[in-house]
$ cat work_8.txt   # compact mmCIF, C-alpha atoms
# COMPACT_ATOMS: atom_id res chain seq x y z
CA LEU Q 1 123.18 110.02 137.03
CA TYR Q 2 122.66 106.47 138.33
CA VAL Q 3 118.90 106.74 137.81
CA ALA Q 4 119.38 108.13 134.29
CA SER Q 5 121.71 105.26 133.37
CA LYS Q 6 118.91 102.75 134.06
CA LEU Q 7 116.51 104.44 131.63
CA PRO Q 8 116.10 103.59 127.91
CA LEU Q 9 118.43 105.47 125.57
CA MET Q 10 115.80 107.88 124.21
CA THR Q 11 114.57 108.61 127.74
CA GLN Q 12 118.17 109.19 128.86
CA ARG Q 13 118.69 111.73 126.12
CA LEU Q 14 115.43 113.51 126.99
CA PHE Q 15 116.42 113.51 130.67
CA TRP Q 16 119.81 114.98 129.75
CA TRP Q 17 118.38 117.80 127.62
CA CYS Q 18 115.77 118.65 130.25
CA ALA Q 19 118.54 118.85 132.86
CA VAL Q 20 120.65 121.15 130.65
CA ALA Q 21 117.62 123.37 129.93
CA ALA Q 22 116.81 123.54 133.65
CA LEU Q 23 120.40 124.57 134.36
CA ALA Q 24 120.14 127.34 131.76
CA VAL Q 25 116.89 128.64 133.26
CA PHE Q 26 118.37 128.52 136.77
CA SER Q 27 121.49 130.38 135.63
CA TYR Q 28 119.45 133.22 134.14
CA LEU Q 29 117.06 133.50 137.09
CA TYR Q 30 119.62 133.10 139.88
CA SER Q 31 120.05 136.25 141.97
CA LEU Q 32 117.95 138.24 139.52
CA ASP Q 33 117.13 140.65 142.34
CA GLY Q 34 120.79 140.99 143.32
CA MET Q 35 123.16 143.89 142.93
CA HIS Q 36 126.08 141.83 141.67
CA ILE Q 37 124.85 140.11 138.49
CA PRO Q 38 126.83 140.87 135.31
CA ALA Q 39 125.49 144.27 134.31
CA THR Q 40 126.29 147.38 132.31
CA GLY Q 41 126.46 151.06 133.17
CA ASP Q 42 123.27 151.65 131.18
CA GLU Q 43 121.01 149.96 133.74
CA GLY Q 44 121.21 152.65 136.43
CA PRO Q 45 120.01 155.55 134.26
CA TYR Q 46 117.25 153.40 132.74
CA LEU Q 47 115.99 152.44 136.20
CA GLN Q 48 115.81 156.07 137.23
CA ILE Q 49 114.02 157.16 134.05
CA THR Q 50 111.46 154.38 134.60
CA ARG Q 51 110.95 155.37 138.24
CA LEU Q 52 110.49 159.07 137.44
CA THR Q 53 108.16 158.42 134.50
CA ALA Q 54 106.03 156.03 136.57
CA ALA Q 55 105.84 158.63 139.34
CA SER Q 56 104.55 161.19 136.82
CA GLY Q 57 101.51 158.98 136.15
CA HIS Q 58 101.84 159.32 132.36
CA TRP Q 59 103.26 157.11 129.60
CA LEU Q 60 104.87 160.11 127.91
CA PRO Q 61 106.95 162.16 127.98
CA LEU Q 62 109.70 160.06 129.51
CA GLN Q 63 111.16 161.85 132.51
CA PRO Q 64 114.92 162.50 132.31
CA VAL Q 65 117.34 162.00 135.18
CA GLU Q 66 118.93 165.26 136.32
CA GLY Q 67 122.05 165.82 134.24
CA LEU Q 68 121.20 163.01 131.81
CA GLY Q 69 119.10 163.01 128.66
CA VAL Q 70 116.53 160.42 127.60
CA THR Q 71 118.40 158.56 124.89
CA LYS Q 72 116.15 155.57 124.13
CA PRO Q 73 112.62 155.13 122.76
CA PRO Q 74 109.91 154.23 125.26
CA LEU Q 75 109.15 150.50 124.98
CA LEU Q 76 111.77 149.39 127.54
CA PHE Q 77 110.58 151.95 130.08
CA TRP Q 78 106.95 150.98 129.53
CA HIS Q 79 107.89 147.36 130.26
CA GLY Q 80 109.37 148.45 133.56
CA MET Q 81 106.39 150.63 134.47
CA VAL Q 82 103.93 147.79 133.89
CA ALA Q 83 106.13 145.18 135.61
CA THR Q 84 106.40 147.30 138.76
CA ASN Q 85 102.74 148.36 138.83
CA TRP Q 86 103.71 151.93 137.99
CA GLY Q 87 106.49 151.94 140.56
CA GLN Q 88 104.35 150.62 143.43
CA ASP Q 89 106.24 147.30 143.57
CA TRP Q 90 109.78 148.48 142.95
CA GLU Q 91 111.99 145.39 142.90
CA LEU Q 92 114.88 144.67 140.58
CA TRP Q 93 113.64 141.22 139.61
CA ARG Q 94 110.36 142.68 138.34
CA LEU Q 95 112.26 145.01 136.02
CA ARG Q 96 114.73 142.38 134.85
CA LEU Q 97 112.35 139.45 134.41
CA PRO Q 98 110.83 140.69 131.10
CA ILE Q 99 114.36 140.97 129.67
CA VAL Q 100 115.11 137.38 130.75
CA LEU Q 101 111.85 136.26 129.11
CA TYR Q 102 112.97 137.93 125.88
CA SER Q 103 116.20 135.90 126.15
CA PHE Q 104 114.29 132.64 126.61
CA VAL Q 105 111.80 133.34 123.82
CA THR Q 106 114.63 134.24 121.44
CA ALA Q 107 116.36 130.94 122.32
CA LEU Q 108 113.10 129.12 121.53
CA LEU Q 109 112.94 131.04 118.26
CA VAL Q 110 116.46 129.84 117.38
CA PHE Q 111 115.39 126.27 118.27
CA TRP Q 112 112.26 126.51 116.11
CA VAL Q 113 114.07 127.95 113.08
CA THR Q 114 116.87 125.37 113.29
CA ARG Q 115 114.30 122.58 113.64
CA ARG Q 116 112.40 123.79 110.58
CA ILE Q 117 115.58 123.98 108.49
CA SER Q 118 117.45 120.87 109.65
CA GLY Q 119 114.69 118.58 110.86
CA ASP Q 120 117.02 117.51 113.67
CA THR Q 121 115.62 118.14 117.15
CA GLU Q 122 118.90 117.54 118.97
CA SER Q 123 120.84 119.96 116.76
CA SER Q 124 118.06 122.48 117.31
CA ALA Q 125 118.34 122.09 121.08
CA ILE Q 126 122.09 122.65 120.84
CA ALA Q 127 121.48 125.83 118.82
CA GLY Q 128 118.96 127.23 121.30
CA LEU Q 129 121.09 126.46 124.35
CA ALA Q 130 124.23 127.72 122.63
CA PHE Q 131 122.45 131.04 122.12
CA LEU Q 132 121.82 131.28 125.86
CA GLY Q 133 125.39 130.17 126.54
CA PHE Q 134 127.08 133.05 124.71
CA THR Q 135 128.80 135.35 127.18
CA SER Q 136 127.36 138.43 125.47
CA ILE Q 137 123.79 137.10 125.69
CA PHE Q 138 124.19 136.18 129.36
CA HIS Q 139 125.74 139.57 130.08
CA HIS Q 140 123.05 141.58 128.26
CA GLY Q 141 120.09 139.21 128.61
CA ARG Q 142 119.50 139.75 132.34
CA PRO Q 143 119.96 143.46 133.22
CA TYR Q 144 117.29 146.05 132.55
CA ILE Q 145 118.63 147.22 129.18
CA THR Q 146 117.46 147.30 125.56
CA ASN Q 147 119.60 144.64 123.85
CA LEU Q 148 117.54 141.45 124.05
CA PRO Q 149 114.17 143.01 123.15
CA GLU Q 150 115.90 144.45 120.09
CA VAL Q 151 117.49 141.08 119.25
CA PHE Q 152 114.14 139.29 119.53
CA PHE Q 153 112.15 141.57 117.23
CA LEU Q 154 114.91 141.88 114.62
CA SER Q 155 115.59 138.12 114.66
CA LEU Q 156 111.91 137.37 114.15
CA ALA Q 157 111.76 139.84 111.27
CA PHE Q 158 114.77 138.10 109.69
CA PHE Q 159 113.71 134.49 110.32
CA LEU Q 160 110.16 134.74 108.98
CA PRO Q 161 111.18 135.58 105.37
CA LEU Q 162 113.83 132.85 105.63
CA LEU Q 163 111.28 130.21 106.66
CA TYR Q 164 108.40 131.37 104.48
CA ARG Q 165 110.21 132.01 101.23
CA ALA Q 166 107.05 131.52 99.15
CA GLU Q 167 105.34 134.33 101.01
CA SER Q 168 108.51 136.42 100.80
CA ILE Q 169 108.50 136.50 97.01
CA SER Q 170 104.74 136.77 96.69
CA ARG Q 171 102.54 139.84 96.79
CA ARG Q 172 101.06 139.04 100.17
CA TYR Q 173 101.16 142.53 101.57
CA LEU Q 174 99.94 141.40 104.99
CA PHE Q 175 103.07 139.26 105.42
CA TRP Q 176 105.38 142.17 104.65
CA ALA Q 177 103.29 144.50 106.78
CA ALA Q 178 103.88 142.11 109.70
CA ILE Q 179 107.64 142.15 109.02
CA GLY Q 180 107.57 145.94 109.00
CA ALA Q 181 105.68 145.94 112.30
CA LEU Q 182 108.36 143.75 113.90
CA VAL Q 183 111.12 146.07 112.72
CA GLY Q 184 109.08 148.95 114.08
CA LEU Q 185 108.82 147.29 117.49
CA ALA Q 186 112.59 146.84 117.52
CA ALA Q 187 112.92 150.52 116.70
CA TRP Q 188 110.71 151.43 119.64
CA VAL Q 189 113.17 149.58 121.87
CA PHE Q 190 116.50 150.76 120.56
CA VAL Q 191 117.27 151.28 116.91
CA LEU Q 192 115.69 154.56 115.84
CA GLU Q 193 116.80 156.96 118.52
CA ARG Q 194 115.17 159.73 116.49
CA LEU Q 195 111.82 158.46 117.80
CA VAL Q 196 112.73 160.48 120.88
CA GLU Q 197 111.91 163.85 119.38
CA THR Q 198 113.45 166.18 121.96
CA LEU Q 199 116.82 166.08 123.65
CA ILE Q 200 115.93 167.19 127.15
CA GLY Q 201 118.28 168.88 129.61
CA ARG Q 202 121.38 168.93 127.40
CA GLY Q 203 121.34 172.47 126.02
CA ASN Q 204 124.70 173.46 127.54
CA GLU Q 205 126.45 170.26 126.47
CA LEU Q 206 124.97 170.55 122.97
CA ALA Q 207 126.26 174.11 122.61
CA GLN Q 208 129.71 173.08 123.87
CA VAL Q 209 129.97 170.20 121.39
CA ARG Q 210 128.93 172.41 118.47
CA ALA Q 211 131.44 175.07 119.49
CA LEU Q 212 134.21 172.47 119.73
CA VAL Q 213 133.29 171.03 116.33
CA ASP Q 214 133.50 174.51 114.80
CA ALA Q 215 136.94 175.05 116.33
CA HIS Q 216 138.54 171.61 115.87
CA ARG Q 217 138.69 169.00 113.14
CA LEU Q 218 138.31 166.09 115.58
CA VAL Q 219 136.21 166.07 118.76
CA THR Q 220 135.81 163.06 121.06
CA VAL Q 221 132.87 162.81 123.48
CA THR Q 222 133.47 160.51 126.46
CA GLY Q 223 131.41 159.46 129.47
CA PRO Q 224 129.92 156.46 131.32
CA GLY Q 225 127.68 154.02 129.47
CA GLY Q 226 124.08 155.09 129.07
CA VAL Q 227 124.52 158.82 129.67
CA GLY Q 228 123.53 159.71 126.10
CA LYS Q 229 126.79 160.33 124.23
CA SER Q 230 125.49 158.96 120.92
CA ARG Q 231 122.22 160.87 121.16
CA LEU Q 232 124.08 164.11 121.95
CA VAL Q 233 126.44 163.69 119.01
CA ILE Q 234 123.56 162.89 116.62
CA GLU Q 235 121.73 166.01 117.75
CA ALA Q 236 124.87 168.12 117.40
CA ALA Q 237 125.37 166.87 113.84

$ encode --input "work_8.txt" --output "structure tokens"
Amino acid sequence: LYVASKLPLMTQRLFWWCAVAALAVFSYLYSLDGMHIPATGDEGPYLQITRLTAASGHWLPLQPVEGLGVTKPPLLFWHGMVATNWGQDWELWRLRLPIVLYSFVTALLVFWVTRRISGDTESSAIAGLAFLGFTSIFHHGRPYITNLPEVFFLSLAFFLPLLYRAESISRRYLFWAAIGALVGLAAWVFVLERLVETLIGRGNELAQVRALVDAHRLVTVTGPGGVGKSRLVIEAA
């Protein structure tokens, strides 16, 4: 702080923002290989599906965990397979690092969009760092789960028409084809669970849910996060 106080004002401000950005990067990378980072119940099943699919030696089909269905499209699992060299270098930080990079790139995207709209670099830096500072982003932007890849692709698909309004109202089909491709990439991470064509290993549970629905007006399906409740209910419907 003493050294910074001796610098010119503009240099002080740059030093300050670099220090805050470094703190944000450190916070996201700290203990990335640890077992006690803020996480969700979804991470465990996703890790196992990635391990089993990598061991099969094939991109598809995704290999289900015994007793659990495969409830998400394949892009997340492919990230993990590539990051771990098809399971040969199985370390948590390798699986989680691509998710952290999605968090950082999305923060840069927020900075860029704010800078284009406002013209104020400092306000843009606040916007980007505020994005990383949200509890929900920190909680979901480090574990091996689908949220931040989905946020990145959908945000980019939303921001581009906002920034390039002339192209948005024109007949430039290539521009809109690119937007559609971004939405499609988001779907391959999370959104369109119907991309997983077959519900594997849930025949008994599916029959039970359908029987309960026939017998009762209201049926509630409960279970830990990531076990495939939503996918089971969609299939039953």

$ atom_distance --input "work_8.txt" --atom1 "atom CA of Q:Gly180" --atom2 "atom CA of Q:Val113"
19.6 Å

$ residues_around --input "work_8.txt" --residues "Q:Ile145" --least-positions-apart "2" --cutoff "7 Å" --atoms "only C-alpha atoms" --output "VMD selection string"
chain Q and resid 42 to 43 143 147

$ write_last_selection --input "work_8.txt" --atoms "C-alpha atoms" --output "PDB file, in the coordinates of the input"
ATOM      1  CA  ASP Q  42     123.270 151.650 131.180  1.00  0.00           C
ATOM      2  CA  GLU Q  43     121.010 149.960 133.740  1.00  0.00           C
ATOM      3  CA  PRO Q 143     119.960 143.460 133.220  1.00  0.00           C
ATOM      4  CA  ASN Q 147     119.600 144.640 123.850  1.00  0.00           C
TER       5      ASN Q 147
END

$ residues_around --input "work_8.txt" --residues "stretch 215-220 of chain Q" --least-positions-apart "4" --cutoff "12 Å" --atoms "only C-alpha atoms" --output "compact mmCIF listing (two decimals) with C-alpha atoms, keeping the file's coordinate frame"
# COMPACT_ATOMS: atom_id res chain seq x y z
CA GLN Q 208 129.71 173.08 123.87
CA VAL Q 209 129.97 170.20 121.39
CA ARG Q 210 128.93 172.41 118.47
CA ALA Q 211 131.44 175.07 119.49
CA LYS Q 229 126.79 160.33 124.23
CA SER Q 230 125.49 158.96 120.92
CA LEU Q 232 124.08 164.11 121.95
CA VAL Q 233 126.44 163.69 119.01
CA ALA Q 236 124.87 168.12 117.40
CA ALA Q 237 125.37 166.87 113.84

$ closest_residue --input "work_8.txt" --among "Q:Gly223, Q:Pro38, Q:Gly184, Q:Pro161" --to "Q:Pro73" --atoms "all atoms listed in the file"
Q:Gly184

$ closest_residue --input "work_8.txt" --among "Q:Leu60, Q:Ala22, Q:Ala130, Q:Val70" --to "Q:Pro45" --atoms "all atoms listed in the file"
Q:Val70

$ closest_residue --input "work_8.txt" --among "Q:Leu52, Q:Ala19, Q:Leu185, Q:Ile117" --to "Q:Phe153" --atoms "all atoms listed in the file"
Q:Leu185

$ atom_distance --input "work_8.txt" --atom1 "atom CA of Q:Val110" --atom2 "atom CA of Q:Phe159"
8.9 Å

$ atom_distance --input "work_8.txt" --atom1 "atom CA of Q:Ala55" --atom2 "atom CA of Q:Leu148"
25.8 Å

$ residues_near_point --input "work_8.txt" --point "(111.3, 142.6, 141.1)" --cutoff "12 Å" --atoms "all atoms listed in the file" --output "JSON list (two decimals) with C-alpha atoms, in the coordinates of the input"
[["chain", "number", "residue", "atom", "x", "y", "z"],
["Q", 29, "LEU", "CA", 117.06, 133.50, 137.09],
["Q", 31, "SER", "CA", 120.05, 136.25, 141.97],
["Q", 32, "LEU", "CA", 117.95, 138.24, 139.52],
["Q", 33, "ASP", "CA", 117.13, 140.65, 142.34],
["Q", 34, "GLY", "CA", 120.79, 140.99, 143.32],
["Q", 47, "LEU", "CA", 115.99, 152.44, 136.20],
["Q", 80, "GLY", "CA", 109.37, 148.45, 133.56],
["Q", 81, "MET", "CA", 106.39, 150.63, 134.47],
["Q", 82, "VAL", "CA", 103.93, 147.79, 133.89],
["Q", 83, "ALA", "CA", 106.13, 145.18, 135.61],
["Q", 84, "THR", "CA", 106.40, 147.30, 138.76],
["Q", 85, "ASN", "CA", 102.74, 148.36, 138.83],
["Q", 87, "GLY", "CA", 106.49, 151.94, 140.56],
["Q", 88, "GLN", "CA", 104.35, 150.62, 143.43],
["Q", 89, "ASP", "CA", 106.24, 147.30, 143.57],
["Q", 90, "TRP", "CA", 109.78, 148.48, 142.95],
["Q", 91, "GLU", "CA", 111.99, 145.39, 142.90],
["Q", 92, "LEU", "CA", 114.88, 144.67, 140.58],
["Q", 93, "TRP", "CA", 113.64, 141.22, 139.61],
["Q", 94, "ARG", "CA", 110.36, 142.68, 138.34],
["Q", 95, "LEU", "CA", 112.26, 145.01, 136.02],
["Q", 96, "ARG", "CA", 114.73, 142.38, 134.85],
["Q", 97, "LEU", "CA", 112.35, 139.45, 134.41],
["Q", 98, "PRO", "CA", 110.83, 140.69, 131.10],
["Q", 99, "ILE", "CA", 114.36, 140.97, 129.67],
["Q", 143, "PRO", "CA", 119.96, 143.46, 133.22],
["Q", 144, "TYR", "CA", 117.29, 146.05, 132.55]]

$ residues_around --input "work_8.txt" --residues "Q:Ala39" --least-positions-apart "5" --cutoff "8 Å" --atoms "all atoms listed in the file" --output "NGL selection string"
:Q and (139-140 or 142-143)

$ write_last_selection --input "work_8.txt" --atoms "C-alpha atoms" --output "PDB file, keeping the file's coordinate frame"
ATOM      1  CA  HIS Q 139     125.740 139.570 130.080  1.00  0.00           C
ATOM      2  CA  HIS Q 140     123.050 141.580 128.260  1.00  0.00           C
ATOM      3  CA  ARG Q 142     119.500 139.750 132.340  1.00  0.00           C
ATOM      4  CA  PRO Q 143     119.960 143.460 133.220  1.00  0.00           C
TER       5      PRO Q 143
END

$ closest_residue --input "work_8.txt" --among "Q:Ile137, Q:Val65, Q:Ala178, Q:Gly57" --to "Q:Trp78" --atoms "all atoms listed in the file"
Q:Gly57

$ axis_aligned_box --input "work_8.txt" --around "stretch 172-181 of chain Q" --padding-each-side "3 Å" --output "JSON"
{"center_x": 103.8, "center_y": 142.5, "center_z": 106.2, "size_x": 13.7, "size_y": 12.9, "size_z": 18.1}

$ decode --input "work_8.txt" --residues "stretch 7-42 of chain Q" --atoms "C-alpha atoms" --output "mmCIF file, in the first residue's frame"
data_model
loop_
_atom_site.group_PDB
_atom_site.id
_atom_site.type_symbol
_atom_site.label_atom_id
_atom_site.label_comp_id
_atom_site.auth_asym_id
_atom_site.auth_seq_id
_atom_site.Cartn_x
_atom_site.Cartn_y
_atom_site.Cartn_z
ATOM 1 C CA LEU Q 7 2.622 6.206 -7.698
ATOM 2 C CA PRO Q 8 0.709 8.629 -9.981
ATOM 3 C CA LEU Q 9 -3.073 8.509 -9.619
ATOM 4 C CA MET Q 10 -3.740 6.617 -12.861
ATOM 5 C CA THR Q 11 -1.012 4.100 -12.018
ATOM 6 C CA GLN Q 12 -2.477 3.704 -8.523
ATOM 7 C CA ARG Q 13 -5.865 2.893 -9.964
ATOM 8 C CA LEU Q 14 -4.369 0.373 -12.398
ATOM 9 C CA PHE Q 15 -2.381 -1.194 -9.550
ATOM 10 C CA TRP Q 16 -5.565 -1.431 -7.473
ATOM 11 C CA TRP Q 17 -7.613 -3.116 -10.209
ATOM 12 C CA CYS Q 18 -4.809 -5.550 -11.018
ATOM 13 C CA ALA Q 19 -4.618 -6.470 -7.327
ATOM 14 C CA VAL Q 20 -8.392 -7.047 -7.129
ATOM 15 C CA ALA Q 21 -8.318 -9.148 -10.320
ATOM 16 C CA ALA Q 22 -5.405 -11.194 -8.950
ATOM 17 C CA LEU Q 23 -7.369 -11.800 -5.754
ATOM 18 C CA ALA Q 24 -10.357 -13.008 -7.782
ATOM 19 C CA VAL Q 25 -8.188 -15.409 -9.793
ATOM 20 C CA PHE Q 26 -6.526 -16.698 -6.617
ATOM 21 C CA SER Q 27 -9.909 -17.229 -4.943
ATOM 22 C CA TYR Q 28 -11.194 -19.330 -7.838
ATOM 23 C CA LEU Q 29 -8.009 -21.391 -8.200
ATOM 24 C CA TYR Q 30 -7.292 -21.906 -4.505
ATOM 25 C CA SER Q 31 -7.623 -25.547 -3.422
ATOM 26 C CA LEU Q 32 -9.122 -26.477 -6.773
ATOM 27 C CA ASP Q 33 -7.912 -30.028 -6.213
ATOM 28 C CA GLY Q 34 -9.394 -30.147 -2.710
ATOM 29 C CA MET Q 35 -12.359 -32.055 -1.380
ATOM 30 C CA HIS Q 36 -13.806 -29.165 0.600
ATOM 31 C CA ILE Q 37 -14.484 -26.403 -1.935
ATOM 32 C CA PRO Q 38 -18.108 -25.204 -2.178
ATOM 33 C CA ALA Q 39 -19.715 -27.902 -4.296
ATOM 34 C CA THR Q 40 -23.029 -29.509 -5.171
ATOM 35 C CA GLY Q 41 -24.312 -33.063 -5.059
ATOM 36 C CA ASP Q 42 -24.225 -33.194 -8.865
#
